[in-house]
Amino acid sequence: AQTVTQSQPEMSVQEAETVTLSCTYDTSENNYYLFWYKQPPSRQMILVIRQEAYKQQNATENRFSVNFQKAAKSFSLKISDSQLGDTAMYFCAFMNLNDYKLSFGAGTTVTVRA
Amino acid sequence: SAVISQKPSRDICQRGTSLTIQCQVDSQVTMMFWYRQQPGQSLTLIATANQGSEATYESGFVIDKFPISRPNLTFSTLTVSNMSPEDSSIYLCSVERLGTEAFFGQGTRLTVV
């Protein structure tokens, strides 16, 4: 079984600043996907970014980027130029490609201050 | 992407009763899953809904408490049976498509009183 650890329960950032969320995971698999999901108060799970483990290049989606360190089993998310709409709970997730099940971290609540 | 309609969006139920949650997808998908999110916590996988056969349950979840149906490749139901206040949670349907990512329904917020 995979475990996903998010060690930061809460993060606060000033609007337009940058915040980095940490995530580590434990697995014996070599091929897998990693995700960051955003859950605003509406409770809809929204995909922020995806990283395939076989790709060395870090994924980027507009203001969101990851630092994927496969050997260290680390997968951090950087939110640049933070906006008020980024306020939400962020979950790191691991997808096992044998059965496509997701294992989630505990989540990090991000609050963007005006 | 996949469009997932989950019903009801919320409900308040009496203890001892049962609630069935529906998940409808706009196209055929192979993998469908049900997750539970207890208040203030992360998502935990309940089971994999298998088309045409019994669901596969994760440790700590049993069919008598959470019966699941999946009659075809676009529809599934989760029933929360004999509810107690501890069952108050958000229940989310998820589908996997093309082996690339998981899509989620908007969730059902269940309160048991």
# chains A, B, ... in the order shown; residues from 1 in each chain; ligands from 1
call {"tool": "residues_around", "arguments": {"residues": "region 12-16 of chain A", "least_positions_apart": "2", "cutoff": "9 Å", "atoms": "only C-alpha atoms", "output": "number ranges by chain"}}
result
A: 10, 18-19, 80-84, 109-114
call {"tool": "closest_atom_pairs", "arguments": {"of": "chain A", "to": "chain B", "cutoff": "8 Å", "atoms": "only C-alpha atoms", "output": "CSV"}}
result
residue,atom,partner,partner_atom,distance
A:Tyr33,CA,B:Thr100,CA,7.9
A:Ser42,CA,B:Gln106,CA,8.0
A:Arg43,CA,B:Gln106,CA,6.6
A:Gln44,CA,B:Gln106,CA,4.7
A:Met45,CA,B:Phe104,CA,6.0
A:Ile46,CA,B:Phe104,CA,7.8
A:Leu47,CA,B:Phe103,CA,7.9
A:Arg50,CA,B:Glu101,CA,7.8
A:Phe91,CA,B:Ser42,CA,7.8
A:Leu97,CA,B:Gly99,CA,7.5
A:Tyr100,CA,B:Glu96,CA,7.1
A:Lys101,CA,B:Leu45,CA,7.9
A:Leu102,CA,B:Leu45,CA,7.6
A:Ser103,CA,B:Thr44,CA,7.5
A:Phe104,CA,B:Leu43,CA,6.2
A:Gly105,CA,B:Ser42,CA,6.7
A:Ala106,CA,B:Ser42,CA,5.0
A:Gly107,CA,B:Ser42,CA,6.3
call {"tool": "write_last_selection", "arguments": {"atoms": "N, CA and C atoms", "output": "PDB file, in the first residue's frame"}}
result
ATOM      1  N   TYR A  33       1.372   7.675 -11.193  1.00  0.00           N
ATOM      2  CA  TYR A  33       1.086   9.096 -11.401  1.00  0.00           C
ATOM      3  C   TYR A  33       0.953   9.777 -10.044  1.00  0.00           C
ATOM      4  N   SER A  42     -16.896  24.528  -2.116  1.00  0.00           N
ATOM      5  CA  SER A  42     -17.953  23.850  -2.877  1.00  0.00           C
ATOM      6  C   SER A  42     -17.801  22.336  -2.839  1.00  0.00           C
ATOM      7  N   ARG A  43     -16.663  21.864  -2.347  1.00  0.00           N
ATOM      8  CA  ARG A  43     -16.259  20.461  -2.181  1.00  0.00           C
ATOM      9  C   ARG A  43     -15.983  19.725  -3.492  1.00  0.00           C
ATOM     10  N   GLN A  44     -16.084  20.402  -4.629  1.00  0.00           N
ATOM     11  CA  GLN A  44     -15.720  19.780  -5.904  1.00  0.00           C
ATOM     12  C   GLN A  44     -14.216  19.561  -5.941  1.00  0.00           C
ATOM     13  N   MET A  45     -13.794  18.359  -6.284  1.00  0.00           N
ATOM     14  CA  MET A  45     -12.372  18.057  -6.428  1.00  0.00           C
ATOM     15  C   MET A  45     -11.936  18.480  -7.828  1.00  0.00           C
ATOM     16  N   ILE A  46     -10.948  19.373  -7.873  1.00  0.00           N
ATOM     17  CA  ILE A  46     -10.482  19.937  -9.140  1.00  0.00           C
ATOM     18  C   ILE A  46      -9.016  19.568  -9.327  1.00  0.00           C
ATOM     19  N   LEU A  47      -8.719  18.969 -10.470  1.00  0.00           N
ATOM     20  CA  LEU A  47      -7.331  18.611 -10.753  1.00  0.00           C
ATOM     21  C   LEU A  47      -6.527  19.875 -11.011  1.00  0.00           C
ATOM     22  N   ARG A  50      -0.762  17.193 -12.880  1.00  0.00           N
ATOM     23  CA  ARG A  50      -0.453  15.779 -12.903  1.00  0.00           C
ATOM     24  C   ARG A  50       1.016  15.581 -13.296  1.00  0.00           C
ATOM     25  N   PHE A  91      -4.908  18.664  -1.928  1.00  0.00           N
ATOM     26  CA  PHE A  91      -4.567  17.283  -1.627  1.00  0.00           C
ATOM     27  C   PHE A  91      -3.537  16.767  -2.629  1.00  0.00           C
ATOM     28  N   LEU A  97      -0.927   2.468 -10.905  1.00  0.00           N
ATOM     29  CA  LEU A  97      -1.324   2.163 -12.278  1.00  0.00           C
ATOM     30  C   LEU A  97      -1.716   0.698 -12.464  1.00  0.00           C
ATOM     31  N   TYR A 100      -5.477   1.788 -10.587  1.00  0.00           N
ATOM     32  CA  TYR A 100      -5.958   3.168 -10.720  1.00  0.00           C
ATOM     33  C   TYR A 100      -6.593   3.709  -9.442  1.00  0.00           C
ATOM     34  N   LYS A 101      -6.306   3.095  -8.311  1.00  0.00           N
ATOM     35  CA  LYS A 101      -6.805   3.626  -7.049  1.00  0.00           C
ATOM     36  C   LYS A 101      -5.947   4.818  -6.631  1.00  0.00           C
ATOM     37  N   LEU A 102      -6.603   5.769  -5.982  1.00  0.00           N
ATOM     38  CA  LEU A 102      -5.913   6.947  -5.485  1.00  0.00           C
ATOM     39  C   LEU A 102      -5.709   6.873  -3.980  1.00  0.00           C
ATOM     40  N   SER A 103      -4.508   7.232  -3.542  1.00  0.00           N
ATOM     41  CA  SER A 103      -4.221   7.403  -2.117  1.00  0.00           C
ATOM     42  C   SER A 103      -3.940   8.878  -1.886  1.00  0.00           C
ATOM     43  N   PHE A 104      -4.624   9.441  -0.912  1.00  0.00           N
ATOM     44  CA  PHE A 104      -4.542  10.879  -0.681  1.00  0.00           C
ATOM     45  C   PHE A 104      -3.751  11.206   0.578  1.00  0.00           C
ATOM     46  N   GLY A 105      -3.087  12.360   0.544  1.00  0.00           N
ATOM     47  CA  GLY A 105      -2.518  12.918   1.754  1.00  0.00           C
ATOM     48  C   GLY A 105      -3.609  13.561   2.594  1.00  0.00           C
ATOM     49  N   ALA A 106      -3.216  14.041   3.762  1.00  0.00           N
ATOM     50  CA  ALA A 106      -4.180  14.610   4.705  1.00  0.00           C
ATOM     51  C   ALA A 106      -4.711  15.968   4.270  1.00  0.00           C
ATOM     52  N   GLY A 107      -4.018  16.604   3.349  1.00  0.00           N
ATOM     53  CA  GLY A 107      -4.471  17.893   2.852  1.00  0.00           C
ATOM     54  C   GLY A 107      -3.783  19.069   3.518  1.00  0.00           C
TER      55      GLY A 107
END
call {"tool": "select_by_dssp", "arguments": {"residues": "chain A", "states": "strand (DSSP E)", "output": "PyMOL selection string"}}
result
chain A and resi 3-5+10-14+19-21+24-26+32-39+46-52+60-61+64-69+74-79+88-96+102-104+108-113
call {"tool": "residues_around", "arguments": {"residues": "Gly60 (chain B)", "least_positions_apart": "2", "cutoff": "12 Å", "atoms": "only C-alpha atoms", "output": "ChimeraX atom specification"}}
result
/B:36,44-47,56-58,62-66
call {"tool": "write_last_selection", "arguments": {"atoms": "all heavy atoms", "output": "short mmCIF file (atom, residue, chain, number, x, y, z; two decimals), in the first residue's frame"}}
result
data_model
loop_
_atom_site.label_atom_id
_atom_site.label_comp_id
_atom_site.auth_asym_id
_atom_site.auth_seq_id
_atom_site.Cartn_x
_atom_site.Cartn_y
_atom_site.Cartn_z
N ARG B 36 -15.00 8.25 0.64
CA ARG B 36 -15.63 8.93 1.77
C ARG B 36 -14.66 9.99 2.30
O ARG B 36 -13.46 9.75 2.41
CB ARG B 36 -15.96 7.94 2.89
CG ARG B 36 -16.63 8.59 4.10
CD ARG B 36 -17.01 7.55 5.15
NE ARG B 36 -15.85 7.03 5.86
CZ ARG B 36 -15.92 6.12 6.81
NH1 ARG B 36 -17.08 5.59 7.14
NH2 ARG B 36 -14.82 5.70 7.41
N THR B 44 -10.92 8.78 1.62
CA THR B 44 -10.59 7.38 1.82
C THR B 44 -11.41 6.55 0.85
O THR B 44 -12.63 6.73 0.74
CB THR B 44 -10.91 6.94 3.26
OG1 THR B 44 -10.17 7.75 4.19
CG2 THR B 44 -10.56 5.47 3.47
N LEU B 45 -10.76 5.62 0.17
CA LEU B 45 -11.44 4.79 -0.80
C LEU B 45 -12.32 3.77 -0.09
O LEU B 45 -11.85 3.05 0.80
CB LEU B 45 -10.42 4.08 -1.68
CG LEU B 45 -10.97 3.15 -2.76
CD1 LEU B 45 -11.80 3.94 -3.78
CD2 LEU B 45 -9.83 2.40 -3.46
N ILE B 46 -13.59 3.73 -0.49
CA ILE B 46 -14.51 2.73 0.05
C ILE B 46 -14.42 1.45 -0.77
O ILE B 46 -14.22 0.36 -0.23
CB ILE B 46 -15.97 3.25 0.02
CG1 ILE B 46 -16.12 4.49 0.91
CG2 ILE B 46 -16.94 2.15 0.44
CD1 ILE B 46 -17.48 5.17 0.78
N ALA B 47 -14.59 1.60 -2.09
CA ALA B 47 -14.63 0.41 -2.94
C ALA B 47 -14.50 0.80 -4.40
O ALA B 47 -14.71 1.95 -4.79
CB ALA B 47 -15.93 -0.35 -2.73
N THR B 56 -15.43 -4.32 -5.17
CA THR B 56 -14.25 -4.71 -4.41
C THR B 56 -14.04 -3.70 -3.30
O THR B 56 -13.77 -2.52 -3.58
CB THR B 56 -13.01 -4.74 -5.33
OG1 THR B 56 -13.26 -5.60 -6.43
CG2 THR B 56 -11.79 -5.23 -4.55
N TYR B 57 -14.14 -4.15 -2.06
CA TYR B 57 -14.12 -3.24 -0.91
C TYR B 57 -12.72 -3.14 -0.30
O TYR B 57 -11.97 -4.13 -0.24
CB TYR B 57 -15.13 -3.71 0.15
CG TYR B 57 -16.55 -3.52 -0.30
CD1 TYR B 57 -17.20 -4.47 -1.09
CD2 TYR B 57 -17.25 -2.35 0.03
CE1 TYR B 57 -18.49 -4.27 -1.54
CE2 TYR B 57 -18.56 -2.15 -0.40
CZ TYR B 57 -19.16 -3.11 -1.19
OH TYR B 57 -20.46 -2.91 -1.63
N GLU B 58 -12.42 -1.94 0.21
CA GLU B 58 -11.18 -1.72 0.92
C GLU B 58 -11.32 -2.18 2.36
O GLU B 58 -12.44 -2.36 2.88
CB GLU B 58 -10.79 -0.24 0.86
CG GLU B 58 -10.56 0.26 -0.56
CD GLU B 58 -9.43 -0.47 -1.27
OE1 GLU B 58 -8.30 -0.50 -0.72
OE2 GLU B 58 -9.68 -0.99 -2.38
N VAL B 62 -17.50 -2.82 4.35
CA VAL B 62 -18.13 -4.09 4.03
C VAL B 62 -19.39 -3.87 3.21
O VAL B 62 -20.04 -2.83 3.29
CB VAL B 62 -18.47 -4.89 5.31
CG1 VAL B 62 -17.19 -5.29 6.03
CG2 VAL B 62 -19.39 -4.10 6.22
N ILE B 63 -19.74 -4.92 2.47
CA ILE B 63 -20.85 -4.83 1.54
C ILE B 63 -22.18 -4.61 2.25
O ILE B 63 -23.05 -3.91 1.74
CB ILE B 63 -20.90 -6.08 0.63
CG1 ILE B 63 -21.95 -5.92 -0.47
CG2 ILE B 63 -21.16 -7.33 1.46
CD1 ILE B 63 -21.91 -7.02 -1.51
N ASP B 64 -22.36 -5.18 3.44
CA ASP B 64 -23.62 -5.02 4.14
C ASP B 64 -23.88 -3.58 4.53
O ASP B 64 -25.03 -3.14 4.58
CB ASP B 64 -23.64 -5.89 5.40
CG ASP B 64 -23.73 -7.38 5.06
OD1 ASP B 64 -24.02 -7.70 3.89
OD2 ASP B 64 -23.49 -8.20 5.96
N LYS B 65 -22.82 -2.84 4.81
CA LYS B 65 -22.95 -1.45 5.21
C LYS B 65 -22.99 -0.52 3.99
O LYS B 65 -23.72 0.47 3.99
CB LYS B 65 -21.77 -1.07 6.09
CG LYS B 65 -21.73 0.39 6.55
CD LYS B 65 -22.89 0.72 7.47
CE LYS B 65 -22.76 2.15 7.98
NZ LYS B 65 -23.91 2.52 8.85
N PHE B 66 -22.21 -0.84 2.97
CA PHE B 66 -22.10 0.02 1.79
C PHE B 66 -22.34 -0.78 0.50
O PHE B 66 -21.43 -0.94 -0.31
CB PHE B 66 -20.71 0.68 1.73
CG PHE B 66 -20.39 1.57 2.89
CD1 PHE B 66 -19.58 1.14 3.92
CD2 PHE B 66 -20.90 2.86 2.94
CE1 PHE B 66 -19.28 1.97 5.00
CE2 PHE B 66 -20.60 3.72 4.00
CZ PHE B 66 -19.79 3.26 5.04
#
call {"tool": "residues_around", "arguments": {"residues": "region 71-76 of chain B", "least_positions_apart": "5", "cutoff": "10 Å", "atoms": "only C-alpha atoms", "output": "list in words"}}
result
Ile4, Ser5, Gln6, Ile21, Gln22, Cys23, Gln24, Val25, Asp26, Ser27, Gln28, Val29, Thr30, Met31, Met32, Phe33, Trp34, Ala49, Asn50, Gln51, Gly52, Ser53, Cys93 and Val95 of chain B
call {"tool": "closest_residue", "arguments": {"among": "B:Gln38, B:Leu19, B:Met83, B:Pro67", "to": "Lys7 (chain B)", "atoms": "only C-alpha atoms"}}
result
B:Leu19
call {"tool": "atom_distance", "arguments": {"atom1": "CA of Gly16 (chain B)", "atom2": "CA of Asn82 (chain B)"}}
result
4.3 Å
call {"tool": "decode", "arguments": {"residues": "region 39-51 of chain B", "atoms": "all heavy atoms", "output": "PDB file, in the first residue's frame"}}
result
ATOM      1  N   PRO B  39     -15.609  14.647   8.087  1.00  0.00           N
ATOM      2  CA  PRO B  39     -15.450  16.094   8.313  1.00  0.00           C
ATOM      3  C   PRO B  39     -14.014  16.498   8.616  1.00  0.00           C
ATOM      4  O   PRO B  39     -13.382  15.958   9.528  1.00  0.00           O
ATOM      5  CB  PRO B  39     -16.376  16.337   9.509  1.00  0.00           C
ATOM      6  CG  PRO B  39     -17.437  15.282   9.390  1.00  0.00           C
ATOM      7  CD  PRO B  39     -16.723  14.068   8.860  1.00  0.00           C
ATOM      8  N   GLY B  40     -13.511  17.431   7.839  1.00  0.00           N
ATOM      9  CA  GLY B  40     -12.175  17.970   8.047  1.00  0.00           C
ATOM     10  C   GLY B  40     -11.043  17.020   7.704  1.00  0.00           C
ATOM     11  O   GLY B  40      -9.891  17.307   8.027  1.00  0.00           O
ATOM     12  N   GLN B  41     -11.350  15.930   7.039  1.00  0.00           N
ATOM     13  CA  GLN B  41     -10.328  14.932   6.770  1.00  0.00           C
ATOM     14  C   GLN B  41     -10.137  14.705   5.270  1.00  0.00           C
ATOM     15  O   GLN B  41     -10.778  15.349   4.439  1.00  0.00           O
ATOM     16  CB  GLN B  41     -10.679  13.622   7.479  1.00  0.00           C
ATOM     17  CG  GLN B  41     -10.746  13.768   8.989  1.00  0.00           C
ATOM     18  CD  GLN B  41     -10.756  12.432   9.699  1.00  0.00           C
ATOM     19  OE1 GLN B  41     -10.265  11.434   9.189  1.00  0.00           O
ATOM     20  NE2 GLN B  41     -11.290  12.422  10.901  1.00  0.00           N
ATOM     21  N   SER B  42      -9.248  13.786   4.974  1.00  0.00           N
ATOM     22  CA  SER B  42      -8.925  13.482   3.584  1.00  0.00           C
ATOM     23  C   SER B  42      -9.903  12.452   3.018  1.00  0.00           C
ATOM     24  O   SER B  42     -10.836  12.021   3.691  1.00  0.00           O
ATOM     25  CB  SER B  42      -7.494  12.951   3.508  1.00  0.00           C
ATOM     26  OG  SER B  42      -7.102  12.804   2.165  1.00  0.00           O
ATOM     27  N   LEU B  43      -9.673  12.071   1.783  1.00  0.00           N
ATOM     28  CA  LEU B  43     -10.522  11.093   1.124  1.00  0.00           C
ATOM     29  C   LEU B  43      -9.989   9.688   1.366  1.00  0.00           C
ATOM     30  O   LEU B  43      -8.783   9.438   1.257  1.00  0.00           O
ATOM     31  CB  LEU B  43     -10.574  11.342  -0.381  1.00  0.00           C
ATOM     32  CG  LEU B  43     -11.426  12.513  -0.867  1.00  0.00           C
ATOM     33  CD1 LEU B  43     -10.757  13.843  -0.602  1.00  0.00           C
ATOM     34  CD2 LEU B  43     -11.740  12.361  -2.354  1.00  0.00           C
ATOM     35  N   THR B  44     -10.923   8.784   1.622  1.00  0.00           N
ATOM     36  CA  THR B  44     -10.592   7.381   1.822  1.00  0.00           C
ATOM     37  C   THR B  44     -11.408   6.549   0.850  1.00  0.00           C
ATOM     38  O   THR B  44     -12.625   6.729   0.736  1.00  0.00           O
ATOM     39  CB  THR B  44     -10.915   6.939   3.263  1.00  0.00           C
ATOM     40  OG1 THR B  44     -10.174   7.745   4.188  1.00  0.00           O
ATOM     41  CG2 THR B  44     -10.558   5.474   3.470  1.00  0.00           C
ATOM     42  N   LEU B  45     -10.761   5.624   0.170  1.00  0.00           N
ATOM     43  CA  LEU B  45     -11.441   4.788  -0.798  1.00  0.00           C
ATOM     44  C   LEU B  45     -12.321   3.769  -0.090  1.00  0.00           C
ATOM     45  O   LEU B  45     -11.849   3.047   0.801  1.00  0.00           O
ATOM     46  CB  LEU B  45     -10.416   4.078  -1.684  1.00  0.00           C
ATOM     47  CG  LEU B  45     -10.972   3.146  -2.763  1.00  0.00           C
ATOM     48  CD1 LEU B  45     -11.800   3.938  -3.777  1.00  0.00           C
ATOM     49  CD2 LEU B  45      -9.834   2.402  -3.458  1.00  0.00           C
ATOM     50  N   ILE B  46     -13.587   3.732  -0.493  1.00  0.00           N
ATOM     51  CA  ILE B  46     -14.511   2.731   0.050  1.00  0.00           C
ATOM     52  C   ILE B  46     -14.421   1.451  -0.771  1.00  0.00           C
ATOM     53  O   ILE B  46     -14.220   0.364  -0.227  1.00  0.00           O
ATOM     54  CB  ILE B  46     -15.967   3.253   0.023  1.00  0.00           C
ATOM     55  CG1 ILE B  46     -16.124   4.491   0.908  1.00  0.00           C
ATOM     56  CG2 ILE B  46     -16.940   2.146   0.436  1.00  0.00           C
ATOM     57  CD1 ILE B  46     -17.478   5.170   0.776  1.00  0.00           C
ATOM     58  N   ALA B  47     -14.588   1.598  -2.089  1.00  0.00           N
ATOM     59  CA  ALA B  47     -14.627   0.413  -2.942  1.00  0.00           C
ATOM     60  C   ALA B  47     -14.498   0.801  -4.403  1.00  0.00           C
ATOM     61  O   ALA B  47     -14.711   1.947  -4.789  1.00  0.00           O
ATOM     62  CB  ALA B  47     -15.927  -0.351  -2.727  1.00  0.00           C
ATOM     63  N   THR B  48     -14.152  -0.202  -5.184  1.00  0.00           N
ATOM     64  CA  THR B  48     -14.161  -0.110  -6.639  1.00  0.00           C
ATOM     65  C   THR B  48     -15.461  -0.727  -7.121  1.00  0.00           C
ATOM     66  O   THR B  48     -15.775  -1.874  -6.765  1.00  0.00           O
ATOM     67  CB  THR B  48     -12.971  -0.867  -7.239  1.00  0.00           C
ATOM     68  OG1 THR B  48     -11.751  -0.354  -6.682  1.00  0.00           O
ATOM     69  CG2 THR B  48     -12.938  -0.737  -8.751  1.00  0.00           C
ATOM     70  N   ALA B  49     -16.210   0.028  -7.923  1.00  0.00           N
ATOM     71  CA  ALA B  49     -17.480  -0.475  -8.458  1.00  0.00           C
ATOM     72  C   ALA B  49     -17.201  -1.206  -9.760  1.00  0.00           C
ATOM     73  O   ALA B  49     -16.749  -0.603 -10.727  1.00  0.00           O
ATOM     74  CB  ALA B  49     -18.443   0.688  -8.689  1.00  0.00           C
ATOM     75  N   ASN B  50     -17.462  -2.480  -9.778  1.00  0.00           N
ATOM     76  CA  ASN B  50     -17.165  -3.310 -10.943  1.00  0.00           C
ATOM     77  C   ASN B  50     -18.437  -3.548 -11.746  1.00  0.00           C
ATOM     78  O   ASN B  50     -19.475  -3.930 -11.188  1.00  0.00           O
ATOM     79  CB  ASN B  50     -16.585  -4.649 -10.494  1.00  0.00           C
ATOM     80  CG  ASN B  50     -15.293  -4.476  -9.706  1.00  0.00           C
ATOM     81  OD1 ASN B  50     -14.384  -3.772 -10.121  1.00  0.00           O
ATOM     82  ND2 ASN B  50     -15.228  -5.109  -8.540  1.00  0.00           N
ATOM     83  N   GLN B  51     -18.340  -3.351 -13.047  1.00  0.00           N
ATOM     84  CA  GLN B  51     -19.497  -3.524 -13.893  1.00  0.00           C
ATOM     85  C   GLN B  51     -19.828  -5.006 -14.030  1.00  0.00           C
ATOM     86  O   GLN B  51     -18.967  -5.797 -14.422  1.00  0.00           O
ATOM     87  CB  GLN B  51     -19.256  -2.902 -15.269  1.00  0.00           C
ATOM     88  CG  GLN B  51     -20.502  -2.751 -16.113  1.00  0.00           C
ATOM     89  CD  GLN B  51     -20.754  -3.932 -17.033  1.00  0.00           C
ATOM     90  OE1 GLN B  51     -19.804  -4.555 -17.488  1.00  0.00           O
ATOM     91  NE2 GLN B  51     -21.997  -4.246 -17.311  1.00  0.00           N
TER      92      GLN B  51
END
